[in-house]
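These notes are about the structure you will find just below.
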Amino acid sequence: MEFRLIECLRELTAQPRDDVRIGIGDDAAVLAPPSGKELAVAIDTLVEGVHFPRGTAPADIGWKALAVNLSDLAAMGASPAWALLALTLPSADAAFVEGFAEGFAQLAQPHRLALVGGDTTRGPLTISVAVHGFVPPGQALTRAGARVGDTVLVTGTLGDAAAGLHALQYPPRDDDGRAGLRGFLIERLNRPTPRLAVGTALRGQATACVDVSDGLLADLGHICTASGVAAEIEAALLPRSSALLELYDDATALHFALSGGDDYELCFTVPAARVAELQAGLARLGCGATKIGRIVEGEGVRVRATDGSWLAMDRAGWEHFA
C-alpha cells in the first residue's frame with residue numbers, strides 16, 4: 001500500500017526538469033544545480049491541530065505545506081526548483097493522499113517545482129517539506145542589513161489568516177449574511193500566497209527581509225535583532241482587508257494584524273530614497289507593498305496608535321514552546 005501511495009504522489013506532482021537526473025523511486029535523488037547559482041534550502045513541518053485545524057481539506061493541507069516553504073524561499077529572494085516530502089499518516093488513506101497531492105501540485109506546477117523524493121510513514125498526521133531554490137551569488141536576502149532611516153514595508157494585507165482561524169473556531173450560531181467574508185479569510189488561512197516574484201524583485205533593493213509566519217511584531221523583531229536596530233510602526237498604516245475590517249472591531253483587527261501568524265506576506269526594509277520606485281515596480285507585478293514604519297536606533301518594535309501614544313502589546317506573535 002505504501003508504494004501505491006508513493007506512486008500516486010509521483011503521478012500527480014510530476015514536473016519535468018532537466019536538472020533532475022534521478023527523482024522519486026531510488027534511495028536518493030540526483031540533482032544538477034546550475035553553475036553560477038547558490039542553493040537556498042528551507043524546511044518546515046506542519047502538524048494537525050497545531051498548524052492546521054482538524055478537518056481541513058487534504059488539498060488545502062497539500063497547498064499550505066508547500067506554500068509555507070516557498071514563502072521562506074521568497075524571503076531569501078530565491079527561485080524554487082525542487083522539494084522533498086515526508087508524509088506521516090495515521091493510516092494508508094489513498095483518498096487523503098490524492099487530495100493532498102492535488103493541492104500540492106496546484107501550487108508547485110506554476111513555479112516548475114519538482115517533487116524529487118521523500119518518505120511516508122505511519123503516525124499522527126504530520127507533513128514536512130524541504131524546498132531548494134536558486135539565487136545569484138551574493139544576492140540572497142537576509143534578516144540582517146536593515147539600517148537606521150530605512151522604510152519598513154509589507155506586502156498584501158495582514159491579520160487575515162488569524163481571523164480565518166478565529167472564524168473557524170467560533171462560527172456564528174445563525175446566518176448573518178457574512179459567510180462570504182468569513183470564506184475569504186479562511187481561504188487566506190488555508191491557501192496563503194508565497195510572494196516569490198516579490199522576493200526576486202527585492203534582490204539588490206531590500207536591505208533586509210523576512211516572511212510573516214509568526215506575526216508581524218515577532219518577525220519584524222527578528223529583523224531588528226539580526227540588524228541591531230529598532231522599528232517604529234504606525235498602526236494606522238497597517239494594510240488590512242475589507243473582510244477583516246467588516247467582521248471585527250478595530251482593536252481586534254489590529255491585534256490580528258500585529259500578532260496573528262500564517263499570513264506569509266513579506267516584511268522588508270528599503271532605503272527611503274528607493275521606496276517610490278520599488279513600490280511602482282511591485283505594483284506592476286500585481287502585488288502592492290505598503291509603507292508601515294521606519295527603522296530607528298535602539299532595539300525591538302514599537303507601535304504608535306492613531307492618537308500618537310505607544311501601544312502596549314502583551315503578545316508579539318506565535319511561539320511553539322511559549
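By order of appearance in the C-alpha cells: chains A, B, ..., then residues from 1 within every chain, and ligands from 1 in the order shown.
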
Which residues, written as a PyMOL selection string, have at least one atom at most 10 Å from Lys291 of chain A, with only C-alpha atoms counted and residues fewer than 6 positions away on the same chain left out?
chain A and resi 151-155+233-234+237-239+267-270+275-276+279

Just the helix (DSSP H, G or I) stuff from segment 240-320 of chain A, please, per backbone DSSP, written as a PyMOL selection string.
chain A and resi 242-247+250-259+272-284

Pairwise distance, atom CA of Leu113 of chain A with atom CA of Arg17 of chain A, equals 8.5 Å

Neighbours of Leu39 of chain A within 7 Å (only C-alpha atoms; same-chain residues fewer than 4 positions away dropped), as a PyMOL selection string?
chain A and resi 132-135

Taking N, CA and C atoms for each residue, export the selection above as a CSV table (one decimal), in the first residue's frame.
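As written to disk, part_35.csv reads:
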```
chain,number,residue,atom,x,y,z
A,132,HIS,N,14.2,23.6,-2.2
A,132,HIS,CA,15.5,24.0,-2.7
A,132,HIS,C,15.3,25.0,-3.8
A,133,GLY,N,16.0,26.1,-3.7
A,133,GLY,CA,15.9,27.2,-4.7
A,133,GLY,C,17.2,27.8,-5.1
A,134,PHE,N,17.3,28.5,-6.2
A,134,PHE,CA,18.5,29.1,-6.6
A,134,PHE,C,18.5,30.6,-6.5
A,135,VAL,N,19.6,31.2,-6.2
A,135,VAL,CA,19.8,32.6,-6.1
A,135,VAL,C,21.1,33.0,-6.6
```

Closest atom pairs, segment 91-132 of chain A residues within 7 Å of segment 46-67 of chain A, only C-alpha atoms, as a Markdown table:
```
| residue | atom | partner | partner_atom | distance |
| --- | --- | --- | --- | --- |
| A:Phe96 | CA | A:Pro58 | CA | 5.6 |
| A:Gly99 | CA | A:Ala59 | CA | 4.7 |
| A:Phe100 | CA | A:Gly62 | CA | 4.4 |
| A:Ala101 | CA | A:Gly62 | CA | 6.1 |
| A:Glu102 | CA | A:Ala59 | CA | 5.9 |
| A:Gly103 | CA | A:Ala59 | CA | 4.0 |
| A:Phe104 | CA | A:Gly62 | CA | 4.3 |
| A:Leu107 | CA | A:Trp63 | CA | 6.1 |
| A:Leu125 | CA | A:Glu48 | CA | 5.7 |
| A:Thr126 | CA | A:Val47 | CA | 4.6 |
| A:Ile127 | CA | A:Leu46 | CA | 5.1 |
| A:Ser128 | CA | A:Leu46 | CA | 6.3 |
| A:Val129 | CA | A:Leu66 | CA | 6.6 |
```

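Remark: for Ala312 of chain A, the closest of the candidate residues A:Ala28, A:His255, A:Arg274, A:Gly293 is A:His255 (distances computed over only C-alpha atoms).
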
Which residue of A:Ala235, A:Arg122, A:Val131, A:Ala179 approaches Asp307 of chain A most closely, using only C-alpha atoms
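Answer, going by the shortest atom-to-atom distance: A:Ala235.
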
For a quick check of understanding, using only C-alpha atoms, which of A:Arg188, A:Arg284, A:Arg294, A:Arg302 has the smallest distance to Ala272 of chain A?
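Distance minimum relative to Ala272 of chain A lands on A:Arg294.
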
Considering only C-alpha atoms, state which residue in the set A:Ile292, A:Ala236, A:Cys224, A:Ala251 is at the smallest distance from Gly308 of chain A.
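Result for the nearest residue to Gly308 of chain A: A:Ala236.
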
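For the pair atom CA of Ala161 of chain A and atom CA of Cys287 of chain A, the separation is 17.7 Å.
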
Between A:Tyr248, A:Asp263, A:Pro136, A:Gly117, which residue has the minimum interatomic distance to Glu187 of chain A, considering only C-alpha atoms?
A:Asp263

Any idea what the distance is between atom CA of Ala201 of chain A and atom CA of Glu265 of chain A?
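Atom CA of Glu265 of chain A lies at a distance of 14.5 Å from atom CA of Ala201 of chain A.
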
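Distances from A:Gln106, A:Thr88, A:Ser259, A:Asn190 to Leu165 of chain A were compared using only C-alpha atoms, and the smallest one belongs to A:Asn190.
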
Which neighbours of segment 21-23 of chain A fall inside 10 Å, counting only C-alpha atoms, when residues of the same chain fewer than 6 positions from it are skipped, and could you give them as a count of residues only?
12

Compile the contact shell of Glu246 of chain A as a compact mmCIF listing (two decimals) with N, CA and C atoms, in the first residue's frame: residues with an atom at most 12 Å away, counting only C-alpha atoms, same-chain residues fewer than 2 positions apart removed.
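What follows is the written file out.txt:
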```txt
# COMPACT_ATOMS: atom_id res chain seq x y z
N ASP A 160 -5.38 38.42 8.15
CA ASP A 160 -6.47 37.63 7.56
C ASP A 160 -6.45 36.18 8.03
N ALA A 163 -7.62 35.78 11.57
CA ALA A 163 -9.07 35.98 11.60
C ALA A 163 -9.80 34.78 11.02
N GLY A 177 -25.41 36.54 7.08
CA GLY A 177 -25.19 37.10 5.76
C GLY A 177 -23.75 37.45 5.45
N ARG A 178 -22.83 37.05 6.31
CA ARG A 178 -21.42 37.41 6.09
C ARG A 178 -20.55 36.18 5.86
N ALA A 179 -21.16 35.10 5.37
CA ALA A 179 -20.41 33.87 5.11
C ALA A 179 -19.32 34.08 4.08
N GLY A 180 -19.58 34.94 3.08
CA GLY A 180 -18.58 35.21 2.06
C GLY A 180 -17.32 35.85 2.61
N LEU A 181 -17.50 36.75 3.56
CA LEU A 181 -16.35 37.41 4.19
C LEU A 181 -15.53 36.39 4.98
N ARG A 182 -16.23 35.53 5.74
CA ARG A 182 -15.53 34.51 6.50
C ARG A 182 -14.81 33.54 5.56
N PHE A 184 -13.54 34.18 2.67
CA PHE A 184 -12.31 34.82 2.18
C PHE A 184 -11.18 34.67 3.19
N LEU A 185 -11.47 34.94 4.46
CA LEU A 185 -10.45 34.86 5.50
C LEU A 185 -9.97 33.42 5.70
N ARG A 240 -5.01 46.20 5.97
CA ARG A 240 -5.96 45.19 6.42
C ARG A 240 -7.08 45.07 5.40
N SER A 241 -7.51 43.84 5.16
CA SER A 241 -8.52 43.59 4.14
C SER A 241 -9.88 44.12 4.57
N SER A 242 -10.74 44.37 3.59
CA SER A 242 -12.10 44.82 3.90
C SER A 242 -12.86 43.75 4.66
N ALA A 243 -12.58 42.47 4.38
CA ALA A 243 -13.25 41.39 5.10
C ALA A 243 -12.90 41.42 6.58
N LEU A 244 -11.62 41.62 6.88
CA LEU A 244 -11.18 41.69 8.27
C LEU A 244 -11.85 42.86 8.98
N TYR A 248 -14.63 42.36 12.16
CA TYR A 248 -14.08 42.54 13.50
C TYR A 248 -13.95 44.03 13.83
N ASP A 249 -14.02 44.34 15.12
CA ASP A 249 -13.85 45.73 15.54
C ASP A 249 -12.39 46.14 15.36
N ASP A 250 -12.13 47.44 15.48
CA ASP A 250 -10.81 47.97 15.18
C ASP A 250 -9.72 47.34 16.06
N THR A 252 -9.66 44.41 17.61
CA THR A 252 -9.41 43.00 17.27
C THR A 252 -8.68 42.89 15.95
N ALA A 253 -9.10 43.68 14.96
CA ALA A 253 -8.43 43.66 13.66
C ALA A 253 -6.97 44.06 13.79
```

Spatial neighbours of Leu282 of chain A, 10 Å, only C-alpha atoms, chain gap at least 4 places, as a list in words
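These residues fall inside the cut-off: Thr155, Ala197, Val198, Ala201, Leu202, Glu277, Leu278, Gly286, Cys287, Gly288 and Ala289 of chain A.
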
Considering only strand (DSSP E) as DSSP defines it on the backbone, what residues of segment 47-248 of chain A qualify? List them as number ranges by chain.
A: 47, 79-89, 114-122, 126-135, 151-155, 208-211, 230-234

Output the selection as a compact mmCIF listing (two decimals), in the first residue's frame - C-alpha atoms for each residue.
```txt
# COMPACT_ATOMS: atom_id res chain seq x y z
CA VAL A 47 1.23 19.16 12.48
CA SER A 79 13.60 30.88 -7.18
CA PRO A 80 12.18 27.40 -6.36
CA ALA A 81 13.39 24.23 -8.05
CA TRP A 82 12.99 21.02 -6.00
CA ALA A 83 11.17 19.67 -2.96
CA LEU A 84 11.32 16.67 -0.63
CA LEU A 85 8.25 15.46 1.23
CA ALA A 86 7.99 13.44 4.45
CA LEU A 87 4.37 12.43 5.00
CA THR A 88 3.24 10.81 8.25
CA LEU A 89 -0.30 9.38 8.13
CA ALA A 114 9.66 19.18 -8.89
CA LEU A 115 8.99 16.76 -6.04
CA VAL A 116 12.13 14.63 -6.16
CA GLY A 117 11.79 12.31 -3.15
CA GLY A 118 10.79 11.87 0.45
CA ASP A 119 9.29 9.34 2.83
CA THR A 120 5.95 8.00 4.05
CA THR A 121 5.37 6.55 7.48
CA ARG A 122 2.61 5.84 10.00
CA THR A 126 2.42 15.42 10.14
CA ILE A 127 3.91 16.86 6.96
CA SER A 128 7.48 18.03 6.46
CA VAL A 129 8.54 19.66 3.21
CA ALA A 130 12.07 20.70 2.30
CA VAL A 131 12.48 23.07 -0.63
CA HIS A 132 15.53 24.02 -2.66
CA GLY A 133 15.89 27.16 -4.75
CA PHE A 134 18.49 29.13 -6.65
CA VAL A 135 19.77 32.63 -6.08
CA THR A 151 11.48 52.36 5.50
CA VAL A 152 9.58 49.25 6.62
CA LEU A 153 7.14 47.80 4.08
CA VAL A 154 4.86 44.78 3.92
CA THR A 155 3.13 43.05 1.02
CA ALA A 208 16.57 43.03 4.99
CA CYS A 209 13.58 40.72 4.53
CA VAL A 210 11.51 38.15 6.44
CA ASP A 211 8.23 36.35 5.80
CA ALA A 230 14.69 49.03 16.28
CA ALA A 231 11.49 49.63 14.33
CA GLU A 232 8.63 52.06 14.80
CA ILE A 233 5.33 51.04 13.22
CA GLU A 234 2.25 53.20 12.62
```
